[in-house]
Structures are given as C-alpha cells and as structure tokens.
>>> print(open('data.cif').read())   # mmCIF, C-alpha atoms
data_coords
#
loop_
_atom_site.label_atom_id
_atom_site.label_comp_id
_atom_site.auth_asym_id
_atom_site.auth_seq_id
_atom_site.Cartn_x
_atom_site.Cartn_y
_atom_site.Cartn_z
CA ASP A 281 -45.82 12.15 1.80
CA LEU A 282 -43.07 10.10 0.18
CA GLY A 283 -40.36 12.23 1.79
CA ASP A 284 -41.69 11.56 5.28
CA ILE A 285 -41.91 7.81 4.58
CA MET A 286 -38.28 7.65 3.32
CA ASP A 287 -37.13 9.78 6.23
CA GLY A 288 -38.84 7.49 8.71
CA PHE A 289 -37.37 4.26 7.33
CA PHE A 290 -33.86 5.28 6.35
CA GLY A 291 -33.09 8.53 8.12
CA TRP A 292 -33.06 10.53 4.91
CA GLY A 293 -35.60 11.76 2.46
CA PHE A 294 -36.73 14.30 -0.01
CA GLY A 295 -38.05 16.65 2.63
CA GLY A 296 -35.75 16.43 5.64
CA GLY A 297 -32.35 15.89 4.04
CA TRP A 298 -29.63 13.47 5.17
CA ARG A 299 -29.73 14.45 8.81
CA ARG A 300 -29.25 10.95 10.22
CA TRP A 301 -27.29 9.33 7.39
CA PRO A 302 -23.91 8.05 8.72
CA VAL A 303 -21.43 9.85 6.47
CA GLN A 304 -17.76 8.84 6.83
CA GLY A 305 -14.62 10.85 6.22
CA ASP A 306 -12.43 10.18 3.20
CA ASP A 307 -9.97 7.28 3.18
CA LEU A 308 -6.34 8.20 2.57
CA VAL A 309 -3.76 6.14 0.67
CA LEU A 310 -0.02 6.68 1.15
CA GLN A 311 2.83 4.90 -0.63
CA LEU A 312 5.92 3.72 1.23
CA THR A 313 8.93 2.28 -0.62
CA ILE A 314 11.26 -0.10 1.20
CA ASN A 315 14.37 -1.98 0.12
CA PHE A 316 14.49 -5.69 -0.60
CA GLU A 317 16.25 -6.60 2.65
CA ASP A 318 13.54 -4.87 4.72
CA SER A 319 10.88 -6.91 2.94
CA PHE A 320 12.69 -10.04 4.10
CA HIS A 321 13.32 -9.11 7.73
CA GLY A 322 10.42 -6.73 8.38
CA THR A 323 10.92 -3.23 9.69
CA SER A 324 9.25 -0.13 11.14
CA LYS A 325 9.06 3.25 9.44
CA THR A 326 7.77 6.56 10.78
CA ILE A 327 5.98 8.62 8.16
CA SER A 328 4.27 12.02 8.21
CA TYR A 329 1.10 12.83 6.34
CA SER A 330 -1.65 15.42 6.24
CA ARG A 331 -5.22 14.70 7.28
CA ALA A 332 -8.37 16.66 7.94
CA VAL A 333 -9.48 16.67 11.58
CA MET A 334 -12.29 18.31 13.46
CA ALA A 335 -11.17 21.74 14.61
CA LYS A 336 -10.93 22.41 18.35
CA ASP A 337 -12.50 25.20 20.38
CA ILE A 338 -15.28 25.80 17.89
CA THR A 339 -18.89 26.77 18.22
CA LYS A 340 -21.68 25.73 15.92
CA GLN A 341 -25.09 27.04 15.07
CA SER A 342 -27.92 25.92 12.86
CA CYS A 343 -27.95 27.42 9.39
CA SER A 344 -30.60 30.13 9.32
CA SER A 345 -30.85 30.11 5.53
CA CYS A 346 -32.26 26.59 5.36
CA ASP A 347 -33.39 26.24 8.98
CA GLY A 348 -31.21 23.15 9.39
CA LYS A 349 -32.70 21.29 6.44
CA TRP A 350 -29.66 21.71 4.11
CA VAL A 351 -31.97 22.60 1.19
CA THR A 352 -33.90 25.72 0.31
CA MET A 353 -37.21 25.97 -1.47
CA GLN A 354 -37.47 27.90 -4.73
CA GLN A 355 -40.62 28.87 -6.59
CA VAL A 356 -40.60 29.23 -10.37
CA ARG A 357 -43.56 30.60 -12.34
CA THR A 358 -44.19 28.62 -15.53
CA PRO A 359 -46.97 28.55 -18.13
CA PHE A 360 -48.36 25.60 -16.18
CA GLY A 361 -48.41 27.47 -12.90
CA VAL A 362 -46.06 27.99 -9.99
CA MET A 363 -43.62 25.09 -9.49
CA GLN A 364 -41.70 24.56 -6.27
CA THR A 365 -38.23 23.01 -6.35
CA GLN A 366 -35.49 22.27 -3.86
CA ALA A 367 -31.83 23.26 -4.15
CA ALA A 368 -28.77 22.81 -1.97
CA CYS A 369 -28.41 25.60 0.55
CA THR A 370 -25.68 27.95 -0.66
CA SER A 371 -24.90 29.05 2.91
CA CYS A 372 -24.09 25.69 4.52
CA TRP A 373 -23.82 23.46 1.42
CA TRP A 374 -25.81 20.53 2.88
CA MET A 375 -24.04 20.75 6.26
CA TRP A 376 -27.11 22.44 7.88
CA GLU A 377 -24.74 23.73 10.56
CA LEU A 378 -22.17 26.53 10.56
CA TYR A 379 -18.90 26.37 12.51
CA TYR A 380 -17.03 29.31 14.01
CA ARG A 381 -13.85 29.95 15.99
CA ASP A 382 -13.02 33.42 17.26
CA SER A 383 -15.90 34.76 15.17
CA LYS A 384 -14.29 33.33 12.02
CA ARG A 385 -16.19 30.74 10.07
CA ILE A 386 -14.57 27.34 9.46
CA ALA A 387 -15.77 25.69 6.26
CA ASP A 388 -15.94 21.99 5.33
CA GLY A 389 -18.04 21.00 8.31
CA GLY A 390 -15.51 22.21 10.88
CA LEU A 391 -12.55 20.34 9.40
CA GLU A 392 -9.01 21.68 9.14
CA LYS A 393 -5.76 20.21 7.83
CA THR A 394 -3.12 19.00 10.26
CA SER A 395 0.17 17.09 10.01
CA GLN A 396 0.45 13.76 11.77
CA GLU A 397 3.06 11.03 12.24
CA ILE A 398 2.41 7.31 12.35
CA GLU A 399 4.71 4.32 12.85
CA VAL A 400 4.17 1.76 10.13
CA LYS A 401 5.07 -1.78 11.23
CA ILE A 402 6.01 -3.80 8.16
CA PRO A 403 5.88 -7.57 8.63
CA ALA A 404 8.59 -9.88 7.31
CA GLY A 405 7.89 -11.33 3.87
CA ILE A 406 5.68 -8.49 2.68
CA GLU A 407 5.17 -8.11 -1.08
CA SER A 408 4.78 -5.07 -3.29
CA TRP A 409 1.27 -3.61 -3.61
CA THR A 410 0.31 -4.84 -0.13
CA LYS A 411 -1.84 -2.34 1.75
CA ILE A 412 -1.67 -1.98 5.53
CA ARG A 413 -4.91 -0.57 6.99
CA TYR A 414 -5.13 1.81 9.95
CA PRO A 415 -8.81 2.24 10.90
CA GLY A 416 -9.94 5.75 11.73
CA MET A 417 -6.62 7.36 10.70
CA GLY A 418 -7.96 8.92 7.50
CA ASN A 419 -9.83 12.22 7.28
CA ASP A 420 -12.37 12.92 10.00
CA GLY A 421 -15.96 13.04 8.86
CA PRO A 422 -17.57 16.47 8.71
CA MET A 423 -19.76 17.49 11.64
CA GLY A 424 -18.25 14.78 13.86
CA TRP A 425 -19.16 11.84 11.64
CA PRO A 426 -16.87 8.75 11.67
CA SER A 427 -13.32 9.04 10.34
CA GLY A 428 -12.09 7.31 7.21
CA ASP A 429 -9.22 4.82 7.18
CA LEU A 430 -5.57 5.21 6.28
CA TYR A 431 -4.03 2.71 3.85
CA VAL A 432 -0.26 2.49 3.49
CA LYS A 433 0.68 0.83 0.19
CA ILE A 434 4.05 -0.92 0.37
CA MET A 435 6.35 -1.00 -2.64
CA VAL A 436 9.53 -3.11 -2.57
CA LYS A 437 12.52 -1.87 -4.54
CA VAL A 438 13.92 -4.13 -7.24
CA ALA A 439 17.16 -5.71 -6.03
CA ASP A 440 20.27 -6.20 -8.11
CA LYS A 441 21.18 -9.48 -6.39
CA TRP A 442 17.86 -11.26 -6.11
CA LYS A 443 14.45 -11.83 -7.62
CA ARG A 444 11.37 -13.03 -5.79
CA ASP A 445 9.21 -15.86 -7.12
CA GLY A 446 6.33 -16.46 -4.73
CA GLN A 447 7.97 -17.49 -1.47
CA ASN A 448 11.26 -18.40 -3.17
CA LEU A 449 14.38 -16.32 -3.74
CA ILE A 450 16.23 -16.57 -7.02
CA ALA A 451 19.89 -15.61 -7.04
CA GLU A 452 22.11 -15.73 -10.10
CA LEU A 453 25.73 -16.72 -9.59
CA GLU A 454 28.69 -16.67 -11.93
CA ILE A 455 30.85 -19.81 -11.78
CA SER A 456 33.78 -21.01 -13.82
CA ILE A 457 33.60 -23.94 -16.20
CA TYR A 458 35.94 -25.78 -13.85
CA ASP A 459 33.45 -25.38 -10.98
CA ALA A 460 30.68 -26.74 -13.20
CA VAL A 461 32.75 -29.77 -14.19
CA LEU A 462 34.53 -30.55 -10.92
CA GLY A 463 32.03 -29.13 -8.41
CA ALA A 464 32.77 -26.46 -5.79
CA THR A 465 31.55 -24.74 -2.63
CA VAL A 466 30.74 -21.07 -3.26
CA ASP A 467 29.44 -18.14 -1.21
CA VAL A 468 26.05 -16.71 -2.22
CA ASP A 469 24.68 -13.35 -1.04
CA HIS A 470 21.59 -13.65 1.16
CA PRO A 471 19.66 -11.09 3.24
CA ASP A 472 20.89 -12.90 6.36
CA GLY A 473 24.49 -12.73 5.09
CA LYS A 474 26.58 -14.90 2.79
CA ILE A 475 25.78 -18.61 2.85
CA SER A 476 27.79 -21.51 1.45
CA VAL A 477 26.22 -23.42 -1.42
CA LYS A 478 27.60 -26.65 -2.87
CA ILE A 479 27.77 -26.84 -6.68
CA PRO A 480 27.53 -30.51 -7.69
CA LYS A 481 29.94 -32.07 -10.19
CA GLY A 482 28.85 -32.09 -13.78
CA LEU A 483 26.37 -29.23 -13.46
CA GLN A 484 24.56 -28.77 -16.76
CA VAL A 485 23.65 -25.50 -18.43
CA GLY A 486 20.18 -24.44 -17.22
CA GLU A 487 20.28 -26.51 -14.04
CA TYR A 488 19.97 -24.83 -10.67
CA VAL A 489 20.74 -25.57 -7.03
CA ARG A 490 17.96 -25.42 -4.43
CA VAL A 491 18.64 -24.64 -0.76
CA SER A 492 15.56 -25.42 1.35
CA GLY A 493 14.05 -23.00 3.86
CA LYS A 494 16.24 -20.02 3.04
CA TRP A 495 13.66 -17.53 1.87
CA PHE A 496 10.28 -16.02 2.73
CA GLY A 497 7.84 -17.59 5.15
CA GLU A 498 7.36 -18.22 8.83
CA LYS A 499 10.25 -19.48 10.86
CA GLY A 500 9.84 -22.37 13.27
CA MET A 501 9.89 -26.16 13.52
CA PHE A 502 6.44 -26.68 11.99
CA SER A 503 6.39 -23.66 9.67
CA LYS A 504 7.11 -23.69 5.98
CA ARG A 505 9.51 -21.34 4.29
CA GLY A 506 10.40 -20.81 0.68
CA ASP A 507 13.69 -21.89 -0.85
CA LEU A 508 16.79 -20.19 -2.14
CA ILE A 509 17.20 -21.10 -5.78
CA VAL A 510 20.70 -20.50 -7.11
CA LYS A 511 20.89 -20.25 -10.88
CA PRO A 512 24.55 -20.56 -11.90
CA PHE A 513 25.69 -19.24 -15.24
CA ILE A 514 29.02 -20.50 -16.57
CA LYS A 515 31.67 -18.00 -17.53
CA ILE A 516 33.55 -19.21 -20.62
CA PRO A 517 37.12 -17.91 -20.86
CA GLN A 518 37.62 -15.73 -23.94
CA LYS A 519 41.41 -15.60 -23.91
CA LEU A 520 43.67 -18.59 -23.36
CA THR A 521 47.42 -18.93 -23.08
CA GLY A 522 49.14 -21.37 -25.40
CA LYS A 523 49.52 -23.82 -22.56
CA GLU A 524 45.85 -23.54 -21.58
CA GLU A 525 44.70 -23.97 -25.17
CA LYS A 526 46.82 -27.12 -25.51
CA LEU A 527 45.30 -28.54 -22.33
CA TRP A 528 41.81 -27.93 -23.70
CA GLU A 529 42.81 -29.58 -26.99
CA ASP A 530 44.09 -32.58 -25.09
CA LEU A 531 40.82 -32.80 -23.15
CA ARG A 532 38.82 -32.58 -26.35
CA GLY A 533 40.92 -35.29 -27.91
#
>>> encode(input="data.cif", output="structure tokens")
Amino acid sequence: DLGDIMDGFFGWGFGGGWRRWPVQGDDLVLQLTINFEDSFHGTSKTISYSRAVMAKDITKQSCSSCDGKWVTMQQVRTPFGVMQTQAACTSCWWMWELYYRDSKRIADGGLEKTSQEIEVKIPAGIESWTKIRYPGMGNDGPMGWPSGDLYVKIMVKVADKWKRDGQNLIAELEISIYDAVLGATVDVDHPDGKISVKIPKGLQVGEYVRVSGKWFGEKGMFSKRGDLIVKPFIKIPQKLTGKEEKLWEDLRG
C-alpha cells in the first residue's frame, strides 16, 4: 500500500510512523552583552545555560500500547460502515519507546534538564546581532537523535565616547575657537588609550580629521583597518571680560 511505499523510500509513512526519520534536538539562542571596548579588542566570557540532555543510567522498552508504531488504530461505526483511523499513541506520544530510571518513568524521550557552562570566544571587531554557532551544544534529540546547535547572539553596548560606522570609529571632540583658528594637538580617547590628533589651522565647521588605521579590522602589514574619524565641535565662549570683548572687536574690525 501507499504507506509501505513511502516507508520504503523515505523511512517514514502512514503505516509505520517516523521510525527512521532523523529528528534533531532544538536549537538554543542565548544573548550576551559586551561593552564597546571588548568589541574592539575581543574577549572571552564564560556563561551558564540550561539544556536538555539524554538522561544517564536509564532503561528503555517498546511501548506496548502501540507496539512500537507510535500510533494506535481506532474504529468508528458510521452510517457508511466501520471506518478505521489512526491517532497518536497517548502512552508514548510518538516516541514508541518508554524510558525508566529506578522504576520511574522519564518523559520527553529520556531527556532531562541540566546546567552547563561554555566559554564564548568573541573575536575582535565583532558587531551587534552577530551570532556565534556551537554545533551540537543545543538540546539533545529525543531517543538519542542528533543534538541541536547553540547560538550566542552578541550585543554591543552603546558607548558614550564613540560611535561605529562600518569599520570606522567616530569620536566627537570639543575644541576651542582658538584651536580651530590656530590649530592644535589634542588627546582623543581610543580603546587602545589616548592618542594625539593634530587639528589643522583654519578648521571649518562640519569638517573632520581622519586618522588612518585606528579602528576595526585586521592588524598587519597587508591588512586593512578602518579609520578614526574625529568630529570636532567648536565651543563658543558665552561670557567675555571687557578686555576679551575688545580684542574680539579689534579682530572683527
């Protein structure tokens, strides 16, 4: 019949159930939040999580209610005669096997929850929403089927000092109007520590200073890294002494 044909080709069918279908355990997704500096340098974090694993020291036996077929036959009398239907076995719920330990039945195909630790190695330059995959570290499959995977989703905290634009770092810096006019060398915060940046003379409002190779990317002679983009904003003095105001008037004149 059709059930035997499907069972022969694909390992499952209407008559025999899914006895040879490779079911996999559930994937798990965890979220790990790191600070901005760790996203630059890379880091390692140890996290704990709960997963379902195959219980130890268990015994199993075929379900007697469905005779290992995971479905039971039901007969219903109708005006058109007796009709036979199939329904999921209420004893094993499609597992077709029952699991026991110390004479106590273990449900869910012999799975039980356990706590586990894993070291997550976070590469330098990682971005928010990146998922790191750990094959086989999700929930075990019921009845010894393959385990699912663990995905650790990385979220990078928003930094007060910097913003990321692709592989570039944007840092805002307050400078005086004198620095904009006369030029200056200023210190700018960077994940590697403060670095000196030269502000050119006559810097215009809206212009920025680019420092090559000071942001995300691979290090090395032939590798390309992003840039540090310093966006200065000019602080205009709100209160002037009489002498200062006269000097500004002389400059304007």
>>> resolve_selection(input="data.cif", expression="the PyMOL selection byres ((chain A and resi 306) around 8)", output="MDAnalysis selection string")
chainID A and resid 304:305 307:308 418:421 427:429
>>> write_last_selection(input="data.cif", atoms="C-alpha atoms", output="short mmCIF file (atom, residue, chain, number, x, y, z; two decimals), keeping the file's coordinate frame")
data_model
loop_
_atom_site.label_atom_id
_atom_site.label_comp_id
_atom_site.auth_asym_id
_atom_site.auth_seq_id
_atom_site.Cartn_x
_atom_site.Cartn_y
_atom_site.Cartn_z
CA GLN A 304 -17.76 8.84 6.83
CA GLY A 305 -14.62 10.85 6.22
CA ASP A 307 -9.97 7.28 3.18
CA LEU A 308 -6.34 8.20 2.57
CA GLY A 418 -7.96 8.92 7.50
CA ASN A 419 -9.83 12.22 7.28
CA ASP A 420 -12.37 12.92 10.00
CA GLY A 421 -15.96 13.04 8.86
CA SER A 427 -13.32 9.04 10.34
CA GLY A 428 -12.09 7.31 7.21
CA ASP A 429 -9.22 4.82 7.18
#
>>> closest_residue(input="data.cif", among="A:Asn448, A:Ser476, A:Trp528, A:Val303", to="Gly493 (chain A)", atoms="all atoms listed in the file")
A:Asn448
>>> closest_residue(input="data.cif", among="A:Ile457, A:Val400, A:Val466, A:Val491", to="Leu310 (chain A)", atoms="all atoms listed in the file")
A:Val400
>>> atom_distance(input="data.cif", atom1="CA of Glu454 (chain A)", atom2="CA of Lys526 (chain A)")
24.9 Å
>>> atom_distance(input="data.cif", atom1="CA of Arg490 (chain A)", atom2="CA of Met435 (chain A)")
27.1 Å
>>> closest_residue(input="data.cif", among="A:Lys401, A:Leu378, A:Tyr458, A:Val510", to="Cys346 (chain A)", atoms="only C-alpha atoms")
A:Leu378
>>> resolve_selection(input="data.cif", expression="the PyMOL selection byres ((chain A and resi 472) around 9)", output="list in words")
Glu317, Phe320, His321, Asp469, His470, Pro471, Gly473, Lys474 and Ile475 of chain A
>>> residues_around(input="data.cif", residues="region 462-465 of chain A", least_positions_apart="5", cutoff="8 Å", atoms="only C-alpha atoms", output="MDAnalysis selection string")
chainID A and resid 476:483
>>> resolve_selection(input="data.cif", expression="the PyMOL selection byres ((chain A and resi 364) around 9)", output="PDB file with C-alpha atoms, in the frame of the given file")
ATOM      1  CA  MET A 353     -37.210  25.970  -1.470  1.00  0.00           C
ATOM      2  CA  GLN A 354     -37.470  27.900  -4.730  1.00  0.00           C
ATOM      3  CA  GLN A 355     -40.620  28.870  -6.590  1.00  0.00           C
ATOM      4  CA  VAL A 356     -40.600  29.230 -10.370  1.00  0.00           C
ATOM      5  CA  ARG A 357     -43.560  30.600 -12.340  1.00  0.00           C
ATOM      6  CA  VAL A 362     -46.060  27.990  -9.990  1.00  0.00           C
ATOM      7  CA  MET A 363     -43.620  25.090  -9.490  1.00  0.00           C
ATOM      8  CA  THR A 365     -38.230  23.010  -6.350  1.00  0.00           C
ATOM      9  CA  GLN A 366     -35.490  22.270  -3.860  1.00  0.00           C
TER      10      GLN A 366
END
>>> closest_residue(input="data.cif", among="A:Gln518, A:Gly424, A:Gly405, A:Phe316", to="Leu391 (chain A)", atoms="only C-alpha atoms")
A:Gly424
>>> closest_residue(input="data.cif", among="A:Ser319, A:Leu453, A:Asp530, A:Phe496", to="Pro512 (chain A)", atoms="only C-alpha atoms")
A:Leu453
>>> closest_residue(input="data.cif", among="A:Val309, A:Ile398, A:Leu508, A:Ile455", to="Ser328 (chain A)", atoms="all atoms listed in the file")
A:Ile398
>>> atom_distance(input="data.cif", atom1="CA of Gln396 (chain A)", atom2="CA of Leu430 (chain A)")
11.8 Å
>>> residues_near_point(input="data.cif", point="(0.6, -3.2, -2.7)", cutoff="9 Å", atoms="only C-alpha atoms", output="ChimeraX atom specification")
/A:311,407-412,432-436
>>> build_atoms(input="data.cif", residues="region 480-491 of chain A", atoms="all heavy atoms", output="CSV table (one decimal), keeping the file's coordinate frame")
chain,number,residue,atom,x,y,z
A,480,PRO,N,27.2,-29.1,-7.4
A,480,PRO,CA,27.5,-30.5,-7.7
A,480,PRO,C,28.4,-30.7,-8.9
A,480,PRO,O,28.4,-29.8,-9.8
A,480,PRO,CB,26.2,-31.1,-7.9
A,480,PRO,CG,25.3,-30.0,-8.4
A,480,PRO,CD,25.8,-28.8,-7.7
A,481,LYS,N,29.1,-31.8,-9.0
A,481,LYS,CA,29.9,-32.1,-10.2
A,481,LYS,C,29.0,-32.3,-11.4
A,481,LYS,O,28.0,-32.8,-11.3
A,481,LYS,CB,30.8,-33.3,-10.0
A,481,LYS,CG,31.9,-33.2,-8.9
A,481,LYS,CD,32.6,-34.5,-8.8
A,481,LYS,CE,33.7,-34.4,-7.7
A,481,LYS,NZ,34.5,-35.7,-7.6
A,482,GLY,N,29.6,-31.9,-12.5
A,482,GLY,CA,28.8,-32.1,-13.8
A,482,GLY,C,27.6,-31.3,-13.9
A,482,GLY,O,26.6,-31.7,-14.6
A,483,LEU,N,27.5,-30.1,-13.4
A,483,LEU,CA,26.4,-29.2,-13.5
A,483,LEU,C,26.1,-28.9,-14.9
A,483,LEU,O,27.0,-28.4,-15.6
A,483,LEU,CB,26.6,-28.0,-12.6
A,483,LEU,CG,25.4,-27.0,-12.6
A,483,LEU,CD1,24.3,-27.6,-11.7
A,483,LEU,CD2,25.8,-25.6,-12.1
A,484,GLN,N,24.9,-29.1,-15.4
A,484,GLN,CA,24.6,-28.8,-16.8
A,484,GLN,C,24.0,-27.3,-16.9
A,484,GLN,O,23.5,-26.7,-16.0
A,484,GLN,CB,23.5,-29.8,-17.3
A,484,GLN,CG,24.0,-31.2,-17.2
A,484,GLN,CD,25.2,-31.5,-18.1
A,484,GLN,OE1,25.2,-31.2,-19.3
A,484,GLN,NE2,26.2,-32.0,-17.5
A,485,VAL,N,24.2,-26.8,-18.1
A,485,VAL,CA,23.6,-25.5,-18.4
A,485,VAL,C,22.1,-25.5,-18.2
A,485,VAL,O,21.4,-26.4,-18.7
A,485,VAL,CB,24.0,-25.1,-19.9
A,485,VAL,CG1,23.4,-23.8,-20.2
A,485,VAL,CG2,25.5,-25.0,-20.0
A,486,GLY,N,21.6,-24.5,-17.5
A,486,GLY,CA,20.2,-24.4,-17.2
A,486,GLY,C,19.8,-25.1,-15.9
A,486,GLY,O,18.6,-24.9,-15.5
A,487,GLU,N,20.6,-25.9,-15.3
A,487,GLU,CA,20.3,-26.5,-14.0
A,487,GLU,C,20.5,-25.5,-12.9
A,487,GLU,O,21.2,-24.5,-13.1
A,487,GLU,CB,21.1,-27.8,-13.8
A,487,GLU,CG,20.8,-28.9,-14.7
A,487,GLU,CD,21.6,-30.2,-14.3
A,487,GLU,OE1,22.7,-30.1,-13.7
A,487,GLU,OE2,21.1,-31.3,-14.6
A,488,TYR,N,19.8,-25.7,-11.8
A,488,TYR,CA,20.0,-24.8,-10.7
A,488,TYR,C,20.1,-25.6,-9.4
A,488,TYR,O,19.9,-26.8,-9.3
A,488,TYR,CB,18.8,-23.9,-10.6
A,488,TYR,CG,17.4,-24.5,-10.5
A,488,TYR,CD1,17.0,-25.0,-9.2
A,488,TYR,CD2,16.6,-24.7,-11.6
A,488,TYR,CE1,15.7,-25.6,-9.1
A,488,TYR,CE2,15.4,-25.3,-11.5
A,488,TYR,CZ,14.9,-25.7,-10.3
A,488,TYR,OH,13.7,-26.3,-10.2
A,489,VAL,N,20.5,-24.9,-8.3
A,489,VAL,CA,20.7,-25.6,-7.0
A,489,VAL,C,19.7,-25.0,-6.1
A,489,VAL,O,19.6,-23.8,-6.0
A,489,VAL,CB,22.2,-25.3,-6.5
A,489,VAL,CG1,22.4,-26.0,-5.1
A,489,VAL,CG2,23.2,-25.8,-7.5
A,490,ARG,N,19.0,-25.8,-5.4
A,490,ARG,CA,18.0,-25.4,-4.4
A,490,ARG,C,18.4,-25.6,-3.0
A,490,ARG,O,18.9,-26.7,-2.6
A,490,ARG,CB,16.7,-26.2,-4.7
A,490,ARG,CG,15.5,-25.8,-3.8
A,490,ARG,CD,14.3,-26.7,-4.0
A,490,ARG,NE,13.7,-26.5,-5.3
A,490,ARG,CZ,12.8,-25.6,-5.6
A,490,ARG,NH1,12.3,-24.9,-4.6
A,490,ARG,NH2,12.3,-25.5,-6.8
A,491,VAL,N,18.3,-24.6,-2.2
A,491,VAL,CA,18.6,-24.6,-0.8
A,491,VAL,C,17.3,-24.4,0.0
A,491,VAL,O,16.7,-23.4,-0.1
A,491,VAL,CB,19.7,-23.6,-0.4
A,491,VAL,CG1,20.0,-23.7,1.1
A,491,VAL,CG2,20.9,-23.7,-1.2
